$ cat entry-v1.cif   # mmCIF, C-alpha atoms
data_my_file
loop_
_atom_site.label_atom_id
_atom_site.label_comp_id
_atom_site.auth_asym_id
_atom_site.auth_seq_id
_atom_site.Cartn_x
_atom_site.Cartn_y
_atom_site.Cartn_z
CA MET Q 1443 -24.96 -33.04 15.44
CA ASN Q 1444 -25.48 -35.92 17.86
CA ARG Q 1445 -24.60 -34.74 21.35
CA THR Q 1446 -24.58 -38.22 22.79
CA CYS Q 1447 -21.97 -39.42 20.29
CA TRP Q 1448 -19.57 -36.50 20.39
CA LYS Q 1449 -16.07 -37.23 21.50
CA MET Q 1450 -14.62 -34.82 24.00
CA GLY Q 1451 -12.30 -33.26 21.43
CA ILE Q 1452 -15.18 -32.42 19.09
CA CYS Q 1453 -17.22 -31.05 22.00
CA PHE Q 1454 -14.34 -28.78 22.96
CA LEU Q 1455 -14.01 -27.38 19.43
CA LEU Q 1456 -17.72 -26.66 19.16
CA VAL Q 1457 -17.86 -25.02 22.59
CA CYS Q 1458 -14.93 -22.81 21.61
CA ALA Q 1459 -16.71 -21.90 18.38
CA LEU Q 1460 -19.54 -20.37 20.41
CA PHE Q 1461 -17.18 -17.63 21.55
CA LEU Q 1462 -15.61 -16.84 18.20
CA PRO Q 1463 -16.64 -13.56 16.60
CA PHE Q 1464 -18.89 -13.68 13.57
CA VAL Q 1465 -17.17 -12.64 10.37
CA PRO Q 1466 -19.48 -11.85 7.43
CA THR Q 1467 -18.67 -13.38 4.06
CA ALA Q 1468 -16.91 -10.97 1.73
CA SER Q 1469 -19.04 -9.42 -0.96
CA ALA Q 1470 -18.54 -10.33 -4.60
CA GLU Q 1471 -18.43 -6.59 -5.28
CA GLU Q 1472 -15.15 -6.39 -3.39
CA GLY Q 1473 -11.85 -7.46 -4.85
CA GLY Q 1474 -8.14 -6.95 -5.19
CA ALA Q 1475 -5.13 -7.85 -3.09
CA GLU Q 1476 -5.81 -5.48 -0.20
CA ALA Q 1477 -9.45 -6.51 0.24
CA GLY Q 1478 -8.59 -10.18 -0.28
CA LEU Q 1479 -5.86 -10.22 2.33
CA ARG Q 1480 -8.09 -8.33 4.75
CA ALA Q 1481 -10.91 -10.86 4.26
CA VAL Q 1482 -8.61 -13.85 4.82
CA GLU Q 1483 -7.03 -12.28 7.91
CA ALA Q 1484 -10.50 -11.61 9.35
CA THR Q 1485 -11.13 -15.38 9.51
CA GLY Q 1486 -8.07 -15.89 11.73
CA ASP Q 1487 -6.67 -18.46 9.29
CA ALA Q 1488 -4.09 -16.34 7.45
CA HIS Q 1489 -1.19 -17.65 9.56
CA TYR Q 1490 -2.09 -21.25 8.58
CA LEU Q 1491 -2.02 -20.59 4.85
CA VAL Q 1492 0.38 -19.97 2.01
CA LEU Q 1493 -1.05 -16.68 0.82
CA PRO Q 1494 -1.42 -15.68 -2.86
CA GLU Q 1495 0.76 -13.26 -4.72
CA ASP Q 1496 -0.87 -9.85 -5.15
CA GLU Q 1497 -1.68 -10.48 -8.81
CA GLU Q 1498 -3.50 -13.75 -7.94
CA TYR Q 1499 -6.28 -12.03 -5.99
CA LEU Q 1500 -9.50 -11.61 -7.95
CA ASP Q 1501 -11.19 -8.30 -8.63
CA PRO Q 1502 -14.06 -8.68 -8.08
CA PHE Q 1503 -14.33 -11.80 -5.90
CA GLN Q 1504 -16.50 -14.68 -7.13
CA GLN Q 1505 -19.47 -16.25 -5.36
CA ARG Q 1506 -19.64 -20.04 -5.94
CA TYR Q 1507 -20.97 -23.21 -4.30
CA VAL Q 1508 -18.94 -26.18 -3.14
CA ARG Q 1509 -19.66 -29.32 -5.17
CA ALA Q 1510 -18.23 -32.42 -3.55
CA LEU Q 1511 -17.70 -34.99 -6.29
CA ILE Q 1512 -17.45 -37.95 -3.90
CA GLY Q 1513 -19.06 -38.03 -0.47
CA PRO Q 1514 -20.50 -35.12 1.51
CA CYS Q 1515 -17.48 -32.79 1.43
CA ALA Q 1516 -14.37 -31.63 -0.39
CA PRO Q 1517 -10.84 -31.29 1.06
CA VAL Q 1518 -9.43 -27.84 1.76
CA GLU Q 1519 -5.67 -27.33 1.90
CA ARG Q 1520 -3.35 -24.83 3.58
CA VAL Q 1521 -1.27 -24.54 0.42
CA PRO Q 1522 -2.20 -23.92 -3.24
CA TRP Q 1523 -1.59 -27.47 -4.40
CA ARG Q 1524 -3.68 -30.56 -3.79
CA ARG Q 1525 -2.89 -33.52 -1.55
CA SER Q 1526 -0.04 -31.64 0.01
CA GLY Q 1527 0.34 -34.00 2.96
CA ARG Q 1528 0.16 -31.07 5.34
CA LEU Q 1529 -2.52 -30.73 8.00
CA PRO Q 1530 -5.66 -29.77 6.07
CA MET Q 1531 -8.19 -27.09 6.88
CA PRO Q 1532 -11.75 -28.13 7.89
CA PHE Q 1533 -13.72 -29.77 5.10
CA ALA Q 1534 -15.96 -27.68 2.84
CA TYR Q 1535 -19.33 -29.39 2.62
CA ASP Q 1536 -21.46 -29.92 -0.45
CA GLY Q 1537 -23.68 -26.92 -1.17
CA VAL Q 1538 -21.84 -24.47 1.09
CA ARG Q 1539 -21.47 -20.99 -0.37
CA ALA Q 1540 -17.86 -20.05 -1.08
CA THR Q 1541 -16.33 -16.66 -1.82
CA VAL Q 1542 -13.34 -17.09 -4.15
CA VAL Q 1543 -10.79 -14.38 -3.36
CA ALA Q 1544 -7.78 -15.69 -5.32
CA LYS Q 1545 -6.66 -18.38 -7.78
CA HIS Q 1546 -3.38 -20.22 -8.32
CA ASP Q 1547 -3.22 -22.75 -11.15
CA GLU Q 1548 -5.96 -25.36 -10.45
CA MET Q 1549 -6.60 -24.12 -6.90
CA SER Q 1550 -8.90 -21.41 -5.52
CA LEU Q 1551 -8.57 -19.60 -2.19
CA ILE Q 1552 -12.04 -19.51 -0.65
CA LEU Q 1553 -13.90 -18.20 2.37
CA TYR Q 1554 -16.49 -20.74 3.56
CA LEU Q 1555 -18.48 -21.83 6.59
CA SER Q 1556 -17.31 -24.99 8.34
CA ASN Q 1557 -19.85 -27.37 9.90
CA SER Q 1558 -19.43 -25.47 13.19
CA ASN Q 1559 -20.68 -22.36 11.34
CA ARG Q 1560 -17.35 -20.57 11.68
CA LEU Q 1561 -16.03 -18.71 8.64
CA ARG Q 1562 -12.77 -20.28 7.46
CA ALA Q 1563 -10.29 -19.75 4.64
CA GLY Q 1564 -8.32 -22.26 2.58
CA TRP Q 1565 -7.28 -23.58 -0.82
CA ILE Q 1566 -9.63 -25.91 -2.70
CA ARG Q 1567 -9.43 -27.44 -6.16
CA THR Q 1568 -11.44 -25.23 -8.51
CA VAL Q 1569 -13.15 -28.34 -9.91
CA PHE Q 1570 -14.97 -28.57 -6.56
CA LEU Q 1571 -16.69 -25.21 -7.16
CA THR Q 1572 -19.80 -24.55 -9.24
CA ASP Q 1573 -22.03 -21.62 -10.14
CA GLU Q 1574 -25.22 -23.57 -9.49
CA TYR Q 1575 -26.42 -24.93 -6.16
CA PRO Q 1576 -25.75 -28.70 -6.24
CA GLY Q 1577 -28.61 -29.68 -3.96
CA THR Q 1578 -32.41 -29.54 -3.79
CA PHE Q 1579 -34.73 -26.57 -3.16
CA LEU Q 1580 -37.70 -27.20 -0.86
CA THR Q 1581 -40.45 -25.14 0.77
CA ILE Q 1582 -42.38 -25.32 4.04
CA GLY Q 1583 -45.64 -23.41 4.35
CA GLU Q 1584 -47.25 -20.76 2.20
CA GLU Q 1585 -44.64 -18.55 0.58
CA LYS Q 1586 -44.23 -15.16 2.23
CA THR Q 1587 -42.29 -12.03 1.34
CA GLY Q 1588 -41.07 -9.55 3.92
CA ASP Q 1589 -40.34 -5.82 3.81
CA ASP Q 1590 -36.65 -6.36 4.58
CA VAL Q 1591 -34.11 -9.17 4.32
CA ILE Q 1592 -31.34 -9.91 6.82
CA PRO Q 1593 -28.89 -11.98 4.73
CA GLU Q 1594 -26.91 -13.49 7.61
CA VAL Q 1595 -26.97 -13.65 11.41
CA PRO Q 1596 -24.21 -15.14 13.60
CA ILE Q 1597 -25.29 -18.69 14.47
CA SER Q 1598 -23.70 -21.23 16.80
CA TRP Q 1599 -24.54 -24.74 18.02
CA SER Q 1600 -26.24 -25.23 21.37
CA ARG Q 1601 -24.51 -27.15 24.13
CA ARG Q 1602 -27.60 -29.23 24.86
CA SER Q 1603 -30.48 -30.96 23.13
CA PHE Q 1604 -34.06 -29.75 22.90
CA LEU Q 1605 -37.58 -31.10 23.43
CA THR Q 1606 -37.61 -34.91 23.18
CA SER Q 1607 -34.65 -35.00 20.80
CA ALA Q 1608 -31.03 -35.85 21.62
CA GLN Q 1609 -29.92 -33.42 18.90
CA ASN Q 1610 -28.40 -29.98 19.30
CA TYR Q 1611 -29.97 -26.89 17.76
CA SER Q 1612 -28.85 -23.59 16.21
CA ILE Q 1613 -28.76 -20.42 18.33
CA LEU Q 1614 -28.93 -16.96 16.75
CA GLU Q 1615 -26.57 -14.47 18.37
CA GLU Q 1616 -29.32 -11.85 18.10
CA PRO Q 1617 -32.97 -12.90 17.74
CA VAL Q 1618 -34.67 -11.82 14.53
CA GLU Q 1619 -37.96 -10.10 15.32
CA ASN Q 1620 -41.05 -9.97 13.11
CA CYS Q 1621 -39.63 -12.74 10.93
CA VAL Q 1622 -41.95 -14.26 8.31
CA SER Q 1623 -39.51 -16.64 6.59
CA PHE Q 1624 -35.90 -17.80 6.38
CA THR Q 1625 -33.85 -20.27 4.35
CA LEU Q 1626 -32.50 -23.36 6.12
CA ASP Q 1627 -29.30 -24.91 4.75
CA TYR Q 1628 -29.31 -28.59 5.87
CA GLN Q 1629 -27.17 -31.63 5.14
CA LEU Q 1630 -26.56 -35.00 6.79
CA ILE Q 1631 -22.77 -35.28 6.81
CA SER Q 1632 -22.05 -38.60 8.58
CA GLU Q 1633 -24.54 -41.48 8.77
CA ASN Q 1634 -22.72 -43.60 11.38
CA THR Q 1635 -24.60 -46.62 10.06
CA GLU Q 1636 -24.22 -48.81 6.98
CA ILE Q 1637 -27.98 -48.80 6.43
CA HIS Q 1638 -28.82 -45.33 5.15
CA SER Q 1639 -32.56 -45.92 5.34
CA LYS Q 1640 -32.26 -45.80 9.14
CA VAL Q 1641 -31.22 -42.12 9.09
CA LEU Q 1642 -33.16 -40.81 6.09
CA GLY Q 1643 -36.69 -39.51 6.30
CA PRO Q 1644 -38.72 -36.36 7.03
CA ARG Q 1645 -37.26 -33.56 9.16
CA THR Q 1646 -39.52 -31.36 11.29
CA VAL Q 1647 -38.41 -27.75 11.77
CA TYR Q 1648 -38.92 -26.00 15.11
CA VAL Q 1649 -38.40 -22.34 15.95
CA ASN Q 1650 -37.76 -21.03 19.43
CA SER Q 1651 -39.38 -17.64 20.00
CA GLY Q 1652 -37.29 -16.93 23.07
CA THR Q 1653 -39.90 -18.43 25.38
CA GLU Q 1654 -41.06 -21.65 23.70
CA TRP Q 1655 -40.44 -24.10 20.86
CA ILE Q 1656 -42.96 -23.89 18.02
CA GLU Q 1657 -43.38 -26.62 15.40
CA ILE Q 1658 -43.32 -25.00 11.95
CA GLY Q 1659 -43.50 -27.82 9.43
CA THR Q 1660 -41.75 -30.76 7.81
CA PHE Q 1661 -39.56 -31.25 4.75
CA ASP Q 1662 -38.73 -34.53 3.02
CA TYR Q 1663 -35.19 -35.87 3.22
CA PRO Q 1664 -35.24 -39.18 1.32
CA GLU Q 1665 -31.63 -39.17 0.12
CA LEU Q 1666 -28.22 -37.86 1.13
CA GLY Q 1667 -27.16 -34.42 0.00
CA PRO Q 1668 -27.66 -30.72 0.77
CA VAL Q 1669 -31.05 -29.00 0.72
CA LEU Q 1670 -32.11 -25.37 0.89
CA VAL Q 1671 -35.51 -25.10 2.55
CA GLN Q 1672 -37.50 -21.88 2.51
CA VAL Q 1673 -39.23 -22.00 5.89
CA ASN Q 1674 -42.37 -19.84 5.85
CA LEU Q 1675 -43.69 -19.06 9.31
CA PRO Q 1676 -47.43 -19.06 10.06
CA GLU Q 1677 -47.25 -15.48 11.34
CA PRO Q 1678 -44.56 -12.88 12.10
CA MET Q 1679 -42.57 -14.07 15.10
CA THR Q 1680 -39.26 -13.78 16.89
CA VAL Q 1681 -36.68 -16.37 15.83
CA ALA Q 1682 -34.13 -16.98 18.58
CA ALA Q 1683 -33.16 -20.56 17.76
CA ILE Q 1684 -33.84 -23.21 15.13
CA GLY Q 1685 -33.97 -26.97 15.56
CA THR Q 1686 -34.69 -30.00 13.39
CA ILE Q 1687 -35.87 -33.43 14.48
CA ALA Q 1688 -35.62 -36.44 12.16
CA ASP Q 1689 -38.47 -38.89 11.76
CA CYS Q 1690 -36.46 -42.04 11.10
CA GLU Q 1691 -35.42 -45.31 12.72
CA GLU Q 1692 -32.15 -43.94 14.14
CA PRO Q 1693 -32.69 -40.18 14.68
CA ASN Q 1694 -29.71 -39.62 16.97
CA VAL Q 1695 -26.75 -41.51 15.50
CA PHE Q 1696 -25.90 -39.22 12.58
CA TYR Q 1697 -24.09 -35.88 12.32
CA PHE Q 1698 -25.53 -33.02 10.32
CA ARG Q 1699 -24.86 -29.40 9.53
CA GLN Q 1700 -27.45 -26.64 9.42
CA TYR Q 1701 -27.39 -22.90 8.94
CA ALA Q 1702 -30.03 -20.25 8.32
CA ILE Q 1703 -29.83 -17.29 5.94
CA ASP Q 1704 -32.05 -14.67 4.31
CA PHE Q 1705 -34.36 -13.84 7.20
CA GLN Q 1706 -37.32 -11.92 5.78
CA THR Q 1707 -38.97 -9.53 8.20
CA VAL Q 1708 -41.97 -7.20 8.22
CA SER Q 1709 -42.33 -3.77 9.77
CA ASP Q 1710 -44.22 -3.38 13.05
#
$ encode --input "entry-v1.cif" --output "structure tokens"
Amino acid sequence: MNRTCWKMGICFLLVCALFLPFVPTASAEEGGAEAGLRAVEATGDAHYLVLPEDEEYLDPFQQRYVRALIGPCAPVERVPWRRSGRLPMPFAYDGVRATVVAKHDEMSLILYLSNSNRLRAGWIRTVFLTDEYPGTFLTIGEEKTGDDVIPEVPISWSRRSFLTSAQNYSILEEPVENCVSFTLDYQLISENTEIHSKVLGPRTVYVNSGTEWIEIGTFDYPELGPVLVQVNLPEPMTVAAIGTIADCEEPNVFYFRQYAIDFQTVSD
């Protein structure tokens, strides 16, 4: 996210998102009409949508990935038919995990994270969903395994930049203590330049311990698309915020999404 290029309307939406409650993604072990309706209502989007018939809810739900066939994202509708002409829901970006709670003809009702890291619900063409992650897997540091795993933590965008960057960073609602690794979900979603080489290049990951920013390592980003980066920390530490800085010709003109999952921790 480029703070300097945000329009006021986008800024307002992201600031509001900081105060929205975190809603965990529904488990694939759940299912049925009652659980499906409850999961959709928990996102706050039920009143925007044409809801499925009871028999259209899946039991159990399905865990898939979004696969955008053209560009960085796929359209999400309020109704179970494509190109409805109605106001759409926020885009679902390539590589985002999606919980399928219902199906109607060629459409699937999914729960997914928007680029503001808010859980949303909406109808997407089933062709835009896949069982396999459509991006690249990367690693920073020597691989580490913790005693416990925290699958998800509420994360929001900062209202300001960090260090020498003009980019915003991700804030964890509750710091994760004694963390040895986590997985970073990263994707450049709008280049804002016709010359892609100006915004592609290595990304350096920083972790804020609550008192200072610590440089962790760098991953390659030579082409557009989503990446999942296992970020291994040099030692157990508190993770309160996560930031990335691009090493490229135009590091502040593009928009990106990032999210962190699967925080591995060790016992004291």
$ resolve_selection --input "entry-v1.cif" --expression "the PyMOL selection byres ((chain Q and resi 1497) around 12)" --output "number ranges by chain"
Q: 1473-1476, 1478-1479, 1493-1496, 1498-1501, 1543-1546
$ resolve_selection --input "entry-v1.cif" --expression "the PyMOL selection byres ((chain Q and resi 1485) around 8)" --output "list in words"
Val1465, Ala1481, Val1482, Glu1483, Ala1484, Gly1486, Asp1487, Ala1488, Leu1561, Arg1562 and Ala1563 of chain Q
$ residues_around --input "entry-v1.cif" --residues "Q:Val1647" --least-positions-apart "6" --cutoff "7 Å" --atoms "all atoms listed in the file" --output "list in words"
Glu1657, Ile1658, Gly1659, Thr1660, Gly1685, Thr1686 and Ile1687 of chain Q
$ write_last_selection --input "entry-v1.cif" --atoms "C-alpha atoms" --output "tab-separated table (two decimals), in the frame of the given file"
chain	number	residue	atom	x	y	z
Q	1657	GLU	CA	-43.38	-26.62	15.40
Q	1658	ILE	CA	-43.32	-25.00	11.95
Q	1659	GLY	CA	-43.50	-27.82	9.43
Q	1660	THR	CA	-41.75	-30.76	7.81
Q	1685	GLY	CA	-33.97	-26.97	15.56
Q	1686	THR	CA	-34.69	-30.00	13.39
Q	1687	ILE	CA	-35.87	-33.43	14.48
$ closest_atom_pairs --input "entry-v1.cif" --of "stretch 1637-1685 of chain Q" --to "stretch 1512-1522 of chain Q" --cutoff "10 Å" --atoms "only C-alpha atoms" --output "Markdown table"
| residue | atom | partner | partner_atom | distance |
| --- | --- | --- | --- | --- |
| Q:Leu1666 | CA | Q:Pro1514 | CA | 8.2 |
| Q:Gly1667 | CA | Q:Pro1514 | CA | 6.9 |
| Q:Pro1668 | CA | Q:Pro1514 | CA | 8.4 |
$ atom_distance --input "entry-v1.cif" --atom1 "atom CA of Q:Glu1574" --atom2 "atom CA of Q:Asp1704"
17.8 Å
$ atom_distance --input "entry-v1.cif" --atom1 "atom CA of Q:Gly1537" --atom2 "atom CA of Q:Thr1568"
14.4 Å
$ atom_distance --input "entry-v1.cif" --atom1 "atom CA of Q:Tyr1697" --atom2 "atom CA of Q:Asp1662"
17.4 Å
$ resolve_selection --input "entry-v1.cif" --expression "the PyMOL selection byres ((chain Q and resi 1580-1586) around 7)" --output "list of chain:residue names"
Q:Thr1578, Q:Phe1579, Q:Thr1587, Q:Gly1588, Q:Val1622, Q:Ser1623, Q:Gly1659, Q:Thr1660, Q:Phe1661, Q:Leu1670, Q:Val1671, Q:Gln1672, Q:Val1673, Q:Asn1674, Q:Leu1675
$ closest_residue --input "entry-v1.cif" --among "Q:Phe1705, Q:Pro1617, Q:Pro1693, Q:Leu1626" --to "Q:Ser1639" --atoms "all atoms listed in the file"
Q:Pro1693
$ closest_residue --input "entry-v1.cif" --among "Q:Met1679, Q:Ile1597, Q:Leu1529, Q:Ile1637" --to "Q:Leu1555" --atoms "only C-alpha atoms"
Q:Ile1597
$ closest_residue --input "entry-v1.cif" --among "Q:Glu1633, Q:Ser1598, Q:Thr1680, Q:Pro1502" --to "Q:Ala1702" --atoms "all atoms listed in the file"
Q:Ser1598
$ residues_near_point --input "entry-v1.cif" --point "(-39.7, -39.5, 0.1)" --cutoff "8 Å" --atoms "only C-alpha atoms" --output "list in words"
Gly1643, Pro1644, Asp1662, Tyr1663 and Pro1664 of chain Q
$ closest_residue --input "entry-v1.cif" --among "Q:Gln1609, Q:Ser1600, Q:Asn1694, Q:Asn1559" --to "Q:Val1641" --atoms "all atoms listed in the file"
Q:Asn1694
$ residues_around --input "entry-v1.cif" --residues "Q:Asp1589" --least-positions-apart "4" --cutoff "10 Å" --atoms "only C-alpha atoms" --output "PDB file with C-alpha atoms, in the frame of the given file"
ATOM      1  CA  CYS Q1621     -39.630 -12.740  10.930  1.00  0.00           C
ATOM      2  CA  VAL Q1622     -41.950 -14.260   8.310  1.00  0.00           C
ATOM      3  CA  GLN Q1706     -37.320 -11.920   5.780  1.00  0.00           C
ATOM      4  CA  THR Q1707     -38.970  -9.530   8.200  1.00  0.00           C
ATOM      5  CA  VAL Q1708     -41.970  -7.200   8.220  1.00  0.00           C
ATOM      6  CA  SER Q1709     -42.330  -3.770   9.770  1.00  0.00           C
TER       7      SER Q1709
END
$ residues_around --input "entry-v1.cif" --residues "Q:Trp1599" --least-positions-apart "6" --cutoff "7 Å" --atoms "only C-alpha atoms" --output "ChimeraX atom specification"
/Q:1610-1613
$ write_last_selection --input "entry-v1.cif" --atoms "C-alpha atoms" --output "mmCIF file, in the coordinates of the input"
data_model
loop_
_atom_site.group_PDB
_atom_site.id
_atom_site.type_symbol
_atom_site.label_atom_id
_atom_site.label_comp_id
_atom_site.auth_asym_id
_atom_site.auth_seq_id
_atom_site.Cartn_x
_atom_site.Cartn_y
_atom_site.Cartn_z
ATOM 1 C CA ASN Q 1610 -28.400 -29.980 19.300
ATOM 2 C CA TYR Q 1611 -29.970 -26.890 17.760
ATOM 3 C CA SER Q 1612 -28.850 -23.590 16.210
ATOM 4 C CA ILE Q 1613 -28.760 -20.420 18.330
#
$ closest_residue --input "entry-v1.cif" --among "Q:Tyr1648, Q:Val1508, Q:Pro1593, Q:Gly1577" --to "Q:Phe1624" --atoms "all atoms listed in the file"
Q:Pro1593
